[in-house]
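Shown next, in structure tokens, is the structure this report addresses.
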Amino acid sequence: MNARKLLYILSLLVIASMLIVACGPADSNNNADMDNNMANEPAANEPAANEPAADEPAADEPAGFEYPFKNPDTYVVASFGEPETLDPAWTYETSGSAFENNIYEGLVWFERERTDVFVPILSTGWEANDAGDVWTFDIREGVTFHEGGTLEPHDVAYSMQRALLQDRVDGPHWMTHEVFFGTYSIAESIGDGSGGVADGTPEELVAACELVKSAVVADDAAGTVTFTLVQPAPWFMAILANSFAGAVVDQEWMAENGDWDGDCATWQDFNDPAAEESILFNVANGTGPYVLDHWTPGEEIVLTANQNYWRADDDPIWEGGPSGIASIQRFVYLLIDEWGTRLAMFEAGDADYVVVPAQFNSQVEPYYGEITCDAPDHKSCVEVASDGWIQAYTGYQRPIMTPAQFNQAINSEGGNVFQGSGALDGNGITDDFFTDLHIRRAFSYCFDYDTVIAEALDGEGTQAQGPIIAGMLGYRDDGFVFSYDPDKCAEEFQLSESGVWDTGFYMQIAYNTGNEGRRLAAEVLKAGIEDVNPNFQIQVVGMPWPVLLNARRAGKLPIYVGGWLEDFHDPHNWVHPFLHSGGAYGRVANIQDPLKTELDTMIAEGAALTDPDARRPIYEALQLKAQEEAIMIWMYQPLVRYHFSPWIEGWYYNGAYSAGSFSYIYALDKVGP
Amino acid sequence: MTNYIIRRVMIIPILMAGISMLIFAMLSLLTPYERAALYVTDIPKRQGAIEGIIEKYGLDDPIYVQYWRWMVGQKDEDTGEVTGGVLRGDLGWSKVGKSTVAEVIARRLPATAELAIWSAIPLIGLAVWMGIKAAVNHDKFVDQILRLAAIAGWSIPTFVFGLLLLLKFYSDLDLFPPGRLSIGMNEFIQSDAFIQYTKLHTLDALLNLRFDVFKDAIRHLVLPVVTLSVVSWAFLLRVTRSSMLDTLRQDYITTARAKGLPESKVISRHAVPNALIPVITVGGLTLIGLFNGVVITETIFNIKGIGSFLAQAAVALDVVSVLGLTLFSSMILIVGNLVVDVLYSIVDPRIRLD
């Protein structure tokens, strides 16, 4: 037989063998093949005890319902995006935070769906002084870390001190420093606060560390930890419930493994590390109900139930809540970038939850078998199908807002293509174009909110009423709100003393390529403005994120369509970023005096009060002023849906959770037919 | 031939250095702020955050300084410890891959290699066989059918074809799932009861005598292999066919036939060996391409290979990852080309490598 014939035969054999081997009956339970020594798995070749016969519908399900039950006791999520790190002090993104909430615990956690009521976790109780700036927590006894260490008050204090001192440059601890010291970084506590950590003398560095230690004090003998804030911070508990500030690590274990040992002489060596430089980058040692099994970057992250979890069976986390060892024994997070692949996995029963981009909602609606609508009259409350199998939860308002930010002091230095000629001559705009209230109001009237919500969000959204989102202290839906009104838009342009109505203008609106929602928002704004006057010209420009970020930082963009996801659930985390002169948006909005000073003062007043009734009028006033002054175009807040297989039980929505599907797996259960 | 191979191998480091400098020079077109965006995935919350990142990673250093640092590593002024450095065997840290570039390659190469190996045999074998059949039956029914199949295969988008297969054979029939293994099997192979010798699941399963794992791995390979084969063999089929047609028109073929040789011998002894020379080139490049990863197929079928990672790294402007993977891909290309050149001389003794 010559080589050529051999190759042909080999080729056919390969294909034939693949088909023969692969076309055998598929295992409905892929765990059934595992060795008997693997815990919690059925013996080889035996079906799971709770697995139905293949052609037998479950008792409670309608006839024709045939959704496979696979991977018992395992909750499988198919999604995209993975953590930057698993070090809670470093994490400032939703994916990592969600994993940490299952692995680590803090002193407090949210009571089920409540975002403003907290239950004790690693604490047994707490009290604040009358002024509201000193908080003392009683630390729970009998808690062990995954690696065997025992929780003590000094671990709690160490965790917060480490977070404050680690303080990576683009991390979350501007919020933590704000509540403890009224600053935004550890560098501001070194010397005169003008330099960086590297510029501090040894004495200044030790002093900064001692300052941190004086604000967070543990008393092992008394079993307490005391936090001293710079002033009352009504959102302090919300910050503690977040893993970036609240997650507790084992000080001795950390030191043994090469992290900071608590010595004020060495903290600077652990300041602002790269993600991978932290020992907690891809290992974890918390006290939580789940243990990190492994993380294969780009592929999967697997958690297993903590078999030594401290919570007793008769000690539910809240009334009727979970207790004892977690019901779901294994959590598998699969990184599946492609939507079609995720959908296929969902249909085949290999995923219990998949992330469905809003534009693909219509592809899964025919499979809805059960629906819970948080917005009853909304279009997402679709009819369920008799043979549907998806558990759908729809109409939930995520704490996300999309605004278009005006820049009131455009940087024209060295030329700026975004503002055209740089003069109001029909071919450009001036640097101070948006200092004119009438122009800002005109833009706000020319934006077709309903069209954008219909097109960009497929109807899954609501118009924003200002910087404060629906349901939050200070939110009001009875105040002044812009609506799409071309006549008023034209009228406001004509009221402008700049003469823009006669001269016309040209400018560019940029968005980051790939973000279709922002592109559509920019296009709708362009259409609305150009419709009222043919001399108005706007060019929508898509730019890669790095290029856009560069232009935004340089103050070149006249308008920028952005977004904000809250860090903690309090109006301060909305008004500060958008309206404060030092906020993430505020500082590039270049709001001019006297409005700038007025806003900064009101924000400071609201932050200094603890009584919600006293705070409410301040935030309502801020909300109203943000609209009337048209500081930004307050565009929309999305509504989201969650899609689960029929086997997942116990889910509820909490807007403060970073990932709705798996931020607290402990509360979930997987129950077969 | 040995001298030729040695000379080619000795040139590899020079080529690699040139490639790395070229890519680094292209990257210098990006501003430090643009490159810092890799580390700032959202609106910066703190004043000076981007500037801090630029300083931390030295992104505003002269490009030759950055290149040299990448090549030889960075010395810690306090401890004297040198970290990184391509010349020290460290391709750097991959921000996108969340591990060193070398680890990313080691982790992802088996998936790509397994797919390439399983695809190569049917792809090349069948394409060559069909190409020869088509040429031998020039303008007959078989030729027309194969040409039609080639055009269809060449025209159909991988993305569409792959998704259709997935929805039919996985969603509907639950026969061939995406990924490399089922969740339970994946859990099992990571246990102590299974030794991963090569990280090629099919091979490891056989070495461990675990035919259940082998079967599961094969189930996961069927659809990507079929997708790659159908889409890729069309080109190879057409090349083989046209090369065979050219060869069959040569005088020596006419001479062979005039001598009275049976047609099968004319084809197998005289035509095919000569017609295979361009096929080796195309087949070799196809195989090299498979080893460098196939982005769309890997993405649709959730195979975490080299190709999908390179695409992710490029989109994120992860310079270190792009550089490392480009060097790796270049190495495969150079070595692959060398193998192809050597194969020339084996297939056709008239070609001498001096």
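Just remember, in the structure tokens the first chain shown is A, the second B, etc., residues are 1-based per chain, and ligands are 1-based in the order shown.
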
TODO: Compile the contact shell of region 116-119 of chain B as a PyMOL selection string: residues with an atom at most 7 Å away, counting only C-alpha atoms, same-chain residues fewer than 2 positions apart removed.
DONE: chain B and resi 112-114+121-123+225+228-229+290-291

Open item on the list: From a backbone DSSP assignment, name each residue in region 135-169 of chain B labelled helix (DSSP H, G or I), as a list in words.
Closed with: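 These are the residues in question: Ala135, Val136, Phe141, Val142, Asp143, Gln144, Ile145, Leu146, Arg147, Leu148, Ala149, Ala150, Ile151, Ala152, Gly153, Trp154, Ser155, Thr158, Phe159, Val160, Phe161, Gly162, Leu163, Leu164, Leu165, Leu166, Leu167, Lys168 and Phe169 of chain B.
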
- [ ] Using only C-alpha atoms, pick whichever of A:Pro638, A:Pro366, A:Gly171, A:Pro289 has the shortest atom-to-atom distance to chain B.
- [x] A:Gly171

TODO: Up to 8 Å from chain A, what residues of chain B turn up? Count only C-alpha atoms and give them as JSON, numbers by chain.
DONE: {"B": [33, 34, 35, 36, 37, 38, 40, 43, 44, 45, 46, 47, 49, 50, 52, 53, 97, 98, 99, 118, 121, 122, 123, 125, 126, 129, 163, 166, 167, 170, 171, 172, 174, 175, 176, 177, 178, 182, 183, 184, 185, 188, 212, 215, 216, 218, 219, 222, 299, 300, 301, 302, 304]}

Got a sec: who's within 10 Å of region 233-242 of chain A, counting only C-alpha atoms, leaving out chain neighbours fewer than 5 positions off, as a short mmCIF file (atom, residue, chain, number, x, y, z; two decimals) with N, CA and C atoms, in the first residue's frame?
```cif
data_model
loop_
_atom_site.label_atom_id
_atom_site.label_comp_id
_atom_site.auth_asym_id
_atom_site.auth_seq_id
_atom_site.Cartn_x
_atom_site.Cartn_y
_atom_site.Cartn_z
N PRO A 88 -9.55 41.44 47.09
CA PRO A 88 -10.68 42.36 47.25
C PRO A 88 -10.25 43.82 47.40
N SER A 97 -15.58 41.49 42.05
CA SER A 97 -16.33 41.77 43.27
C SER A 97 -17.36 40.67 43.55
N ALA A 98 -18.02 40.19 42.50
CA ALA A 98 -19.03 39.15 42.69
C ALA A 98 -18.41 37.87 43.22
N GLU A 100 -15.65 37.65 44.96
CA GLU A 100 -15.18 37.91 46.32
C GLU A 100 -16.32 37.88 47.33
N ASN A 101 -17.52 38.28 46.89
CA ASN A 101 -18.66 38.27 47.81
C ASN A 101 -19.04 36.84 48.21
N GLU A 105 -16.00 37.47 53.44
CA GLU A 105 -17.12 38.09 54.14
C GLU A 105 -16.63 39.34 54.84
N GLY A 106 -17.58 40.22 55.10
CA GLY A 106 -17.27 41.43 55.84
C GLY A 106 -18.05 41.44 57.14
N LEU A 107 -18.03 42.57 57.77
CA LEU A 107 -18.75 42.68 59.04
C LEU A 107 -20.25 42.62 58.82
N VAL A 108 -20.69 43.17 57.70
CA VAL A 108 -22.13 43.22 57.41
C VAL A 108 -22.38 42.83 55.96
N TRP A 109 -23.63 42.51 55.68
CA TRP A 109 -24.04 42.21 54.30
C TRP A 109 -25.48 42.69 54.14
N PHE A 110 -25.90 42.83 52.91
CA PHE A 110 -27.26 43.32 52.65
C PHE A 110 -28.31 42.28 53.07
N THR A 115 -31.17 47.24 50.02
CA THR A 115 -29.87 47.88 49.81
C THR A 115 -29.52 48.83 50.95
N ASP A 116 -30.47 49.03 51.86
CA ASP A 116 -30.24 49.98 52.95
C ASP A 116 -30.42 49.34 54.33
N VAL A 117 -30.60 48.04 54.36
CA VAL A 117 -30.70 47.33 55.63
C VAL A 117 -29.63 46.24 55.63
N PHE A 118 -28.91 46.15 56.76
CA PHE A 118 -27.75 45.25 56.78
C PHE A 118 -27.88 44.22 57.90
N VAL A 119 -27.37 43.03 57.63
CA VAL A 119 -27.36 41.98 58.65
C VAL A 119 -25.91 41.73 59.06
N PRO A 120 -25.70 41.36 60.32
CA PRO A 120 -24.32 41.10 60.75
C PRO A 120 -23.80 39.80 60.14
N ILE A 121 -22.56 39.79 59.76
CA ILE A 121 -21.93 38.57 59.23
C ILE A 121 -20.75 38.21 60.14
N GLY A 132 -22.12 60.03 65.19
CA GLY A 132 -22.16 59.18 64.00
C GLY A 132 -20.82 59.05 63.29
N ASP A 133 -19.74 59.41 63.99
CA ASP A 133 -18.44 59.31 63.33
C ASP A 133 -17.52 58.26 63.97
N TRP A 135 -17.65 54.18 65.00
CA TRP A 135 -18.45 52.95 64.90
C TRP A 135 -17.66 51.81 65.53
N MET A 160 -8.80 46.34 56.72
CA MET A 160 -9.13 47.71 56.33
C MET A 160 -7.86 48.56 56.19
N MET A 175 -12.89 56.28 47.78
CA MET A 175 -14.10 56.32 48.61
C MET A 175 -13.79 56.04 50.07
N THR A 176 -12.88 55.08 50.30
CA THR A 176 -12.53 54.72 51.67
C THR A 176 -11.78 55.86 52.35
N GLU A 178 -12.02 58.91 51.60
CA GLU A 178 -12.96 60.03 51.79
C GLU A 178 -13.69 59.91 53.13
N VAL A 179 -14.16 58.70 53.47
CA VAL A 179 -14.92 58.58 54.72
C VAL A 179 -14.02 58.64 55.95
N PHE A 180 -12.79 58.16 55.81
CA PHE A 180 -11.93 58.15 57.00
C PHE A 180 -11.19 59.47 57.20
N ALA A 247 -14.12 43.17 52.89
CA ALA A 247 -13.67 41.78 52.94
C ALA A 247 -12.55 41.61 53.96
N ASP A 567 -20.97 52.72 42.99
CA ASP A 567 -20.03 51.96 43.82
C ASP A 567 -20.71 51.52 45.10
N PHE A 568 -21.51 52.38 45.67
CA PHE A 568 -22.29 52.02 46.85
C PHE A 568 -23.62 52.73 46.73
N HIS A 569 -24.62 52.20 47.40
CA HIS A 569 -25.99 52.65 47.16
C HIS A 569 -26.32 53.84 48.06
N ASP A 570 -25.95 55.00 47.61
CA ASP A 570 -26.26 56.23 48.35
C ASP A 570 -26.20 57.38 47.34
N PRO A 571 -27.04 58.39 47.50
CA PRO A 571 -27.02 59.49 46.52
C PRO A 571 -25.67 60.20 46.42
N HIS A 572 -24.87 60.10 47.50
CA HIS A 572 -23.56 60.75 47.43
C HIS A 572 -22.72 60.16 46.28
N ASN A 573 -22.90 58.87 46.04
CA ASN A 573 -22.13 58.22 44.97
C ASN A 573 -22.67 58.56 43.59
N GLY A 606 -24.81 67.58 52.23
CA GLY A 606 -25.55 66.31 52.21
C GLY A 606 -24.73 65.17 52.78
N ALA A 607 -23.43 65.21 52.57
CA ALA A 607 -22.56 64.14 53.03
C ALA A 607 -22.35 64.20 54.54
N ALA A 608 -22.51 65.37 55.12
CA ALA A 608 -22.21 65.55 56.54
C ALA A 608 -23.38 65.18 57.44
N LEU A 609 -24.53 64.90 56.85
CA LEU A 609 -25.71 64.60 57.65
C LEU A 609 -25.98 63.10 57.64
N THR A 610 -26.54 62.62 58.74
CA THR A 610 -26.87 61.19 58.80
C THR A 610 -28.38 60.95 58.75
N ASP A 611 -29.14 61.93 59.17
CA ASP A 611 -30.59 61.75 59.21
C ASP A 611 -31.16 61.82 57.78
N PRO A 612 -31.77 60.74 57.32
CA PRO A 612 -32.31 60.75 55.95
C PRO A 612 -33.28 61.89 55.69
N ARG A 615 -31.31 64.89 55.01
CA ARG A 615 -30.54 64.81 53.75
C ARG A 615 -31.45 64.98 52.53
N ALA A 656 -27.66 46.44 44.68
CA ALA A 656 -26.29 46.73 45.13
C ALA A 656 -25.34 45.58 44.81
N TYR A 657 -25.87 44.43 44.39
CA TYR A 657 -24.99 43.32 44.01
C TYR A 657 -24.30 43.68 42.69
N SER A 658 -23.03 43.34 42.61
CA SER A 658 -22.30 43.71 41.40
C SER A 658 -22.68 42.82 40.22
#
```

Open item on the list: Can you tell me which residues surround region 265-268 of chain B at a distance of at most 12 Å, considering only C-alpha atoms, apart from same-chain residues fewer than 3 positions away, and format the answer as a PyMOL selection string?
Closed with: (chain A and resi 2-5) or (chain B and resi 129+132-133+135-137+244-245+247-250+252-262+271-276)

Task: Every residue of region 375-491 of chain A that DSSP places in strand (DSSP E), as a ChimeraX atom specification - done: /A:390-397,400-406,461-463

Store the residues of this selection in a file with N, CA and C atoms, as a short mmCIF file (atom, residue, chain, number, x, y, z; two decimals), in the first residue's frame.
```cif
data_model
loop_
_atom_site.label_atom_id
_atom_site.label_comp_id
_atom_site.auth_asym_id
_atom_site.auth_seq_id
_atom_site.Cartn_x
_atom_site.Cartn_y
_atom_site.Cartn_z
N ILE A 390 -37.54 28.83 30.44
CA ILE A 390 -36.69 29.84 31.08
C ILE A 390 -37.45 30.49 32.23
N GLN A 391 -36.77 30.65 33.36
CA GLN A 391 -37.28 31.49 34.43
C GLN A 391 -36.77 32.90 34.15
N ALA A 392 -37.67 33.79 33.81
CA ALA A 392 -37.25 35.14 33.45
C ALA A 392 -37.65 36.13 34.55
N TYR A 393 -36.73 37.00 34.87
CA TYR A 393 -37.00 38.10 35.80
C TYR A 393 -36.72 39.38 35.01
N THR A 394 -37.72 40.20 34.84
CA THR A 394 -37.55 41.34 33.92
C THR A 394 -37.90 42.66 34.60
N GLY A 395 -37.42 43.73 33.96
CA GLY A 395 -37.82 45.07 34.36
C GLY A 395 -37.10 45.61 35.59
N TYR A 396 -35.93 45.08 35.90
CA TYR A 396 -35.20 45.57 37.09
C TYR A 396 -34.32 46.76 36.71
N GLN A 397 -34.40 47.79 37.52
CA GLN A 397 -33.59 48.98 37.25
C GLN A 397 -32.19 48.77 37.82
N ILE A 400 -27.35 52.04 36.97
CA ILE A 400 -26.46 52.52 35.91
C ILE A 400 -27.13 53.70 35.23
N MET A 401 -26.37 54.70 34.89
CA MET A 401 -26.93 55.86 34.21
C MET A 401 -26.04 56.24 33.02
N THR A 402 -26.69 56.62 31.95
CA THR A 402 -25.95 57.11 30.78
C THR A 402 -26.25 58.60 30.60
N PRO A 403 -25.26 59.45 30.81
CA PRO A 403 -25.44 60.88 30.57
C PRO A 403 -24.59 61.34 29.39
N ALA A 404 -24.89 62.51 28.86
CA ALA A 404 -23.97 63.15 27.92
C ALA A 404 -23.40 64.38 28.64
N GLN A 405 -22.11 64.38 28.79
CA GLN A 405 -21.47 65.41 29.61
C GLN A 405 -20.99 66.58 28.74
N PHE A 406 -21.44 67.80 29.11
CA PHE A 406 -20.94 69.00 28.43
C PHE A 406 -19.60 69.40 29.04
N GLY A 461 -35.60 50.56 29.27
CA GLY A 461 -34.96 51.65 30.00
C GLY A 461 -35.96 52.72 30.35
N THR A 462 -35.52 53.64 31.18
CA THR A 462 -36.37 54.77 31.56
C THR A 462 -35.53 56.04 31.45
N GLN A 463 -36.21 57.15 31.20
CA GLN A 463 -35.48 58.41 31.12
C GLN A 463 -34.98 58.79 32.50
#
```

- [ ] Tell me, as a VMD selection string, which residues lie within 10 Å of Asp263 (chain A), counting only C-alpha atoms; anything in the same chain fewer than 2 positions away does not count.
- [x] chain A and resid 206 209 to 210 260 to 261 265 to 267
